[in-house]
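structure.cif follows (mmCIF, C-alpha atoms and all ligand atoms):
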data_query
loop_
_atom_site.label_atom_id
_atom_site.label_comp_id
_atom_site.auth_asym_id
_atom_site.auth_seq_id
_atom_site.Cartn_x
_atom_site.Cartn_y
_atom_site.Cartn_z
CA MET A 1232 -17.58 -131.66 124.47
CA SER A 1233 -14.53 -133.80 124.15
CA PHE A 1234 -12.69 -134.28 120.89
CA GLN A 1235 -13.65 -137.31 118.87
CA LEU A 1236 -11.99 -138.62 115.77
CA PRO A 1237 -14.36 -139.13 112.84
CA LEU A 1238 -15.11 -142.67 111.69
CA VAL A 1239 -14.54 -141.76 108.03
CA LEU A 1240 -12.15 -139.23 106.50
CA GLY A 1241 -12.09 -138.30 102.84
CA HIS A 1242 -8.71 -139.48 101.57
CA ARG A 1243 -7.06 -136.74 99.48
CA GLY A 1244 -10.52 -135.20 99.50
CA ALA A 1245 -12.41 -137.98 97.77
CA ARG A 1246 -9.96 -139.37 95.27
CA ALA A 1247 -12.28 -142.04 93.88
CA VAL A 1248 -14.76 -139.37 92.84
CA ARG A 1249 -12.78 -136.21 92.03
CA THR A 1250 -9.12 -135.56 91.13
CA GLU A 1251 -7.19 -136.16 94.36
CA ASN A 1252 -6.16 -133.24 96.55
CA THR A 1253 -8.01 -130.65 94.43
CA ILE A 1254 -10.44 -127.98 95.54
CA GLU A 1255 -13.12 -129.97 93.70
CA ALA A 1256 -12.33 -133.09 95.74
CA PHE A 1257 -12.47 -131.30 99.09
CA ASP A 1258 -15.57 -129.41 98.06
CA TYR A 1259 -17.29 -132.60 96.93
CA ALA A 1260 -16.56 -134.35 100.22
CA CYS A 1261 -17.69 -131.46 102.40
CA GLN A 1262 -20.78 -130.80 100.31
CA ASN A 1263 -21.79 -134.40 100.79
CA GLY A 1264 -21.52 -134.31 104.54
CA ILE A 1265 -17.94 -135.51 105.03
CA LEU A 1266 -16.67 -133.08 107.60
CA TRP A 1267 -13.18 -134.55 107.96
CA VAL A 1268 -10.87 -134.67 104.96
CA GLU A 1269 -7.23 -135.63 104.57
CA GLY A 1270 -4.71 -133.90 102.32
CA ASP A 1271 -0.94 -133.93 101.78
CA ILE A 1272 1.13 -130.78 102.30
CA VAL A 1273 4.36 -130.20 100.40
CA LEU A 1274 6.53 -127.12 99.83
CA THR A 1275 7.14 -125.52 96.44
CA LYS A 1276 10.59 -124.35 95.34
CA ASP A 1277 9.82 -120.92 96.80
CA GLY A 1278 8.61 -122.32 100.11
CA GLU A 1279 4.84 -122.09 99.64
CA ALA A 1280 2.56 -124.84 100.98
CA VAL A 1281 0.49 -126.70 98.38
CA VAL A 1282 -1.66 -129.80 98.60
CA PHE A 1283 -0.20 -132.61 96.50
CA HIS A 1284 0.70 -136.21 97.16
CA ASP A 1285 3.71 -137.20 95.06
CA ASP A 1286 7.31 -135.99 95.05
CA THR A 1287 7.04 -135.55 91.29
CA LEU A 1288 4.40 -134.26 88.89
CA ASP A 1289 4.76 -137.28 86.61
CA ARG A 1290 1.71 -139.33 87.66
CA MET A 1291 -0.75 -136.49 88.12
CA ALA A 1292 0.14 -133.63 85.77
CA GLU A 1293 -0.97 -133.31 82.19
CA ASN A 1294 1.60 -130.74 81.06
CA ALA A 1295 4.64 -130.97 83.38
CA THR A 1296 7.06 -133.50 84.82
CA GLY A 1297 9.81 -133.59 87.43
CA ARG A 1298 10.04 -132.88 91.12
CA ILE A 1299 7.37 -130.65 92.61
CA ASP A 1300 9.98 -128.88 94.74
CA GLY A 1301 11.65 -127.79 91.48
CA TYR A 1302 8.67 -125.54 90.68
CA THR A 1303 7.66 -122.21 92.16
CA LEU A 1304 4.05 -121.61 93.12
CA ALA A 1305 3.60 -119.34 90.08
CA GLU A 1306 4.90 -122.11 87.83
CA LEU A 1307 2.63 -124.70 89.44
CA GLU A 1308 -0.36 -122.48 88.74
CA THR A 1309 0.08 -123.29 85.04
CA VAL A 1310 -0.02 -127.04 85.69
CA THR A 1311 -3.24 -128.88 84.87
CA LEU A 1312 -3.97 -132.25 86.39
CA LYS A 1313 -5.08 -135.41 84.66
CA GLY A 1314 -8.76 -135.79 85.42
CA GLY A 1315 -9.17 -132.04 85.83
CA GLY A 1316 -8.35 -129.47 88.45
CA LYS A 1317 -5.20 -127.71 89.62
CA ILE A 1318 -2.75 -128.09 92.47
CA PRO A 1319 -4.27 -125.91 95.20
CA THR A 1320 -2.48 -123.90 97.82
CA PHE A 1321 -3.01 -125.19 101.34
CA ALA A 1322 -4.63 -121.84 102.14
CA ALA A 1323 -7.22 -122.33 99.38
CA VAL A 1324 -8.11 -125.76 100.76
CA LEU A 1325 -8.55 -124.30 104.22
CA ASP A 1326 -10.95 -121.75 102.69
CA VAL A 1327 -13.11 -124.66 101.48
CA LEU A 1328 -13.12 -126.13 104.98
CA LYS A 1329 -14.16 -122.83 106.47
CA LYS A 1330 -17.09 -122.61 104.07
CA TYR A 1331 -18.45 -125.88 105.44
CA ASP A 1332 -17.21 -125.69 109.05
CA ALA A 1333 -15.20 -128.78 108.18
CA CYS A 1334 -12.02 -130.24 109.67
CA MET A 1335 -8.79 -131.60 108.23
CA ASN A 1336 -6.17 -134.20 108.87
CA VAL A 1337 -3.18 -132.27 107.60
CA GLU A 1338 -0.58 -134.79 106.47
CA ILE A 1339 2.85 -133.19 106.36
CA LYS A 1340 4.46 -134.75 103.29
CA PRO A 1341 7.90 -133.15 102.80
CA SER A 1342 9.47 -133.81 99.42
CA SER A 1343 12.65 -134.90 101.22
CA PRO A 1344 13.20 -135.88 104.88
CA GLU A 1345 15.34 -132.84 105.62
CA LEU A 1346 12.40 -130.61 104.69
CA GLY A 1347 10.23 -132.18 107.42
CA PRO A 1348 10.58 -129.42 110.02
CA ALA A 1349 10.28 -126.57 107.48
CA THR A 1350 7.18 -128.13 105.90
CA ALA A 1351 5.59 -128.47 109.33
CA GLU A 1352 6.41 -124.86 110.20
CA LYS A 1353 4.93 -123.53 106.98
CA ALA A 1354 1.79 -125.65 107.37
CA TRP A 1355 1.32 -124.33 110.89
CA ASP A 1356 1.79 -120.73 109.66
CA VAL A 1357 -0.93 -121.27 107.05
CA VAL A 1358 -3.29 -122.86 109.58
CA ARG A 1359 -2.81 -119.93 111.94
CA ALA A 1360 -3.23 -117.35 109.20
CA ALA A 1361 -6.55 -119.02 108.32
CA GLY A 1362 -7.66 -118.81 111.94
CA LEU A 1363 -7.97 -122.59 112.14
CA ASP A 1364 -5.47 -123.16 114.92
CA ASP A 1365 -8.05 -125.21 116.76
CA PRO A 1366 -7.13 -128.73 117.94
CA ASP A 1367 -10.71 -129.85 117.36
CA ARG A 1368 -10.56 -128.94 113.67
CA ILE A 1369 -6.99 -129.56 112.54
CA TYR A 1370 -5.16 -132.81 113.14
CA PHE A 1371 -1.56 -133.26 112.04
CA SER A 1372 0.12 -136.46 110.91
CA SER A 1373 3.24 -137.51 109.05
CA PHE A 1374 5.39 -140.40 107.91
CA THR A 1375 8.31 -137.99 108.31
CA TRP A 1376 8.44 -137.95 112.05
CA ASN A 1377 10.79 -134.96 112.35
CA SER A 1378 7.77 -132.92 111.18
CA LEU A 1379 5.90 -134.08 114.24
CA ASP A 1380 8.88 -133.27 116.50
CA ARG A 1381 8.77 -129.73 115.16
CA LEU A 1382 4.99 -129.44 115.57
CA LYS A 1383 5.27 -130.62 119.14
CA GLU A 1384 7.63 -127.70 119.74
CA ILE A 1385 5.73 -124.97 117.91
CA ALA A 1386 2.11 -126.14 118.32
CA PRO A 1387 2.04 -128.40 121.37
CA GLU A 1388 -1.71 -128.04 121.78
CA MET A 1389 -2.40 -129.68 118.40
CA ARG A 1390 -2.82 -133.47 118.30
CA ARG A 1391 -0.35 -135.57 116.32
CA GLY A 1392 -0.66 -138.87 114.47
CA VAL A 1393 2.32 -141.09 113.64
CA LEU A 1394 1.90 -142.54 110.16
CA VAL A 1395 3.33 -146.01 109.66
CA GLU A 1396 4.16 -147.86 106.44
CA GLU A 1397 6.33 -150.85 105.67
CA GLU A 1398 9.61 -148.91 105.56
CA SER A 1399 8.92 -146.96 108.73
CA GLY A 1400 11.37 -147.50 111.53
CA ASP A 1401 10.55 -147.77 115.20
CA TRP A 1402 7.08 -146.19 115.36
CA ARG A 1403 6.75 -147.03 119.04
CA ALA A 1404 9.71 -144.82 119.91
CA ALA A 1405 8.48 -142.08 117.59
CA ALA A 1406 4.98 -142.17 119.08
CA GLU A 1407 6.40 -141.86 122.56
CA ARG A 1408 8.73 -139.04 121.57
CA VAL A 1409 6.16 -136.93 119.72
CA ASP A 1410 3.47 -137.69 122.31
CA ALA A 1411 1.17 -139.10 119.62
CA TYR A 1412 -2.59 -139.16 119.90
CA SER A 1413 -3.03 -141.76 117.17
CA ILE A 1414 -1.10 -144.28 115.14
CA ASN A 1415 -2.12 -144.11 111.47
CA TYR A 1416 -1.39 -147.53 110.03
CA ASP A 1417 -1.39 -149.21 106.63
CA GLN A 1418 -4.34 -151.62 106.61
CA ASP A 1419 -2.30 -154.38 104.99
CA LEU A 1420 0.26 -154.44 107.81
CA LEU A 1421 -2.16 -154.67 110.72
CA THR A 1422 -2.73 -157.80 112.76
CA PRO A 1423 -5.23 -158.34 115.60
CA GLU A 1424 -2.31 -158.31 118.07
CA LEU A 1425 -0.99 -155.04 116.73
CA ILE A 1426 -4.44 -153.46 116.83
CA LYS A 1427 -4.77 -154.48 120.46
CA GLU A 1428 -1.34 -153.14 121.31
CA ILE A 1429 -1.97 -149.79 119.59
CA ARG A 1430 -5.42 -149.33 121.08
CA ALA A 1431 -4.15 -149.94 124.60
CA ARG A 1432 -2.33 -146.64 124.35
CA TYR A 1433 -3.34 -144.66 121.26
CA ARG A 1434 -6.19 -144.09 118.85
CA LEU A 1435 -5.93 -146.09 115.63
CA MET A 1436 -6.57 -144.57 112.19
CA ILE A 1437 -6.26 -146.89 109.18
CA TRP A 1438 -5.50 -146.14 105.51
CA THR A 1439 -6.73 -146.66 102.89
CA VAL A 1440 -9.85 -148.68 103.57
CA ASN A 1441 -12.31 -148.90 100.70
CA ASP A 1442 -14.01 -152.20 101.52
CA PRO A 1443 -16.88 -151.69 103.99
CA ALA A 1444 -16.63 -155.29 105.23
CA ARG A 1445 -12.99 -154.72 106.09
CA ALA A 1446 -13.81 -151.44 107.82
CA LYS A 1447 -16.52 -153.16 109.87
CA ALA A 1448 -14.10 -155.90 110.90
CA PHE A 1449 -11.44 -153.36 111.93
CA ARG A 1450 -14.06 -151.40 113.81
CA GLU A 1451 -15.07 -154.45 115.80
CA GLN A 1452 -11.43 -154.83 116.76
CA GLY A 1453 -11.34 -151.26 118.03
CA ALA A 1454 -10.20 -149.08 115.12
CA ASP A 1455 -11.24 -145.45 115.39
CA SER A 1456 -11.04 -143.99 111.88
CA PHE A 1457 -10.68 -144.92 108.23
CA PHE A 1458 -9.22 -142.93 105.36
CA CYS A 1459 -11.47 -143.68 102.38
CA ASP A 1460 -11.24 -142.80 98.69
CA ASP A 1461 -15.04 -142.60 98.46
CA PRO A 1462 -15.94 -141.36 101.92
CA VAL A 1463 -19.57 -140.77 101.00
CA ALA A 1464 -20.09 -144.38 99.93
CA MET A 1465 -18.19 -145.69 102.94
CA THR A 1466 -20.23 -143.59 105.35
CA LYS A 1467 -23.45 -144.90 103.81
CA ALA A 1468 -22.20 -148.49 104.01
CA LEU A 1469 -21.13 -148.20 107.64
CA ASN A 1470 -24.33 -146.49 108.72
CA GLY A 1471 -26.60 -148.75 106.71
O1 LIG A 1501 -2.84 -140.24 105.98
C1 LIG A 1501 -3.35 -141.39 105.41
C2 LIG A 1501 -2.80 -141.63 104.03
O2 LIG A 1501 -2.99 -140.47 103.28
C3 LIG A 1501 -1.34 -141.98 104.05
O3 LIG A 1501 -0.87 -142.40 102.83
O4 LIG A 1501 0.33 -142.12 100.74
O5 LIG A 1501 -2.10 -141.67 100.81
O6 LIG A 1501 -0.51 -140.10 101.88
P1 LIG A 1501 -0.78 -141.51 101.51
MG MG A 1502 -1.93 -138.71 102.71
#
Let me see whether you can do it: turn the structure in this file into structure tokens.
Ligand code: G3P
Ligand code: MG
Amino acid sequence: MSFQLPLVLGHRGARAVRTENTIEAFDYACQNGILWVEGDIVLTKDGEAVVFHDDTLDRMAENATGRIDGYTLAELETVTLKGGGKIPTFAAVLDVLKKYDACMNVEIKPSSPELGPATAEKAWDVVRAAGLDDPDRIYFSSFTWNSLDRLKEIAPEMRRGVLVEEESGDWRAAAERVDAYSINYDQDLLTPELIKEIRARYRLMIWTVNDPARAKAFREQGADSFFCDDPVAMTKALNG
């Protein structure tokens, strides 16, 4: 069987339904039949891989502030998140996936660009330690393209997605260099011409699409996958 990207991925687990990037969010998605989830990997001060989106704790934490890379893993274990839940280790999230035979788009999200290669290395170590070094189950992506350069060196068999946002530089050159499988684009920056150009050469994954009508329109233009905050609702809408 050949590898196929899923139509819907649970963005940060299922951030519209459970606190983003928590065990509860990944568990909720998987339990409800979403077998591909997306989460953001960042390093703690002591070099451990945790799943968290922002550079700082300010937006998400109830009882801590400041840069996440200023905290050790042990310190982060005392942090509680607004809306409930804790910041999980990447290994703990992979345990949830294993329970459900689920798959993950592992977004390497270094807290500073120079940490791109080290964050990728650590994420790959954790994936291997979990026994999930399977290109059909783990899919890497990053806005910090030096992470993808490193992954190409250390895990060439794993597919790579080049994430693109407004401030991104020359994604075409990056995609060529890292031998990308997909381009993962901001929905608000896409045009029909761009979609056509990307699909001529790569798969196209789009974030963050929460409007089923928009997803349907993108799909008709050839998009492959959507990152969705409520992946259960989106799946129902697209299948209905
Ligand atoms: O990987 C898709 C999406 O997660 C990228 O944006 O900021 O939610 O990590 P962000
Ligand atoms: Mg992300």
* **Within-9 Å residues of ligand LIG 1501 (chain A), basis all atoms listed in the file, as a list in words** =>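 Written in the requested form, the residues are His1242, Arg1243, Glu1269, Gly1270, Asp1271, His1284, Asp1285, Asn1336, Val1337, Glu1338, Ile1339, Lys1340, Ser1372, Ser1373, Phe1374, Gly1392, Leu1394, Val1395, Glu1396, Asn1415, Tyr1416, Asp1417, Met1436, Ile1437, Trp1438, Thr1439, Phe1457, Phe1458 and Cys1459 of chain A.
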* Asked: So how many Å separate CA of Ser1342 in chain A and CA of Lys1383 in chain A, to one decimal?
  -> 20.4 Å
* Structure fact -> With distances taken over only C-alpha atoms and all ligand atoms, the candidate from A:Pro1366, A:Phe1371, A:Thr1296, A:Pro1344 nearest ligand MG 1502 (chain A) is A:Phe1371
* May I have the residues at most 10 Å from (9.1, -137.1, 109.4) in the file's coordinates, counting all atoms listed in the file, as a ChimeraX atom specification? => /A:1339-1341,1343-1348,1350-1351,1372-1381,1393-1394,1399,1405
* **Interatomic distance, CA of Leu1420 in chain A to CA of Val1440 in chain A (Å, one decimal)** =>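 Going from CA of Leu1420 in chain A over to CA of Val1440 in chain A, I get 12.4 Å.
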* **Who sits within 9 Å of Thr1311 in chain A, all atoms listed in the file, same chain under 6 positions skipped, as a list in words** =>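 Near neighbours after the sequence-gap exclusion: Met1291, Ala1292, Glu1293, Asn1294, Ala1295, Lys1317 and Ile1318 of chain A.
Nearest to Val1273 in chain A of all the residues A:Lys1353, A:Ala1333, A:Ala1245, A:Cys1261 is A:Lys1353, based on only C-alpha atoms.
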* **Shell of 12 Å around Ile1429 in chain A, all atoms listed in the file, local chain residues under 2 positions omitted, as a PyMOL selection string** => chain A and resi 1393+1395+1402-1403+1406-1407+1411-1416+1421-1427+1431-1437+1452-1455
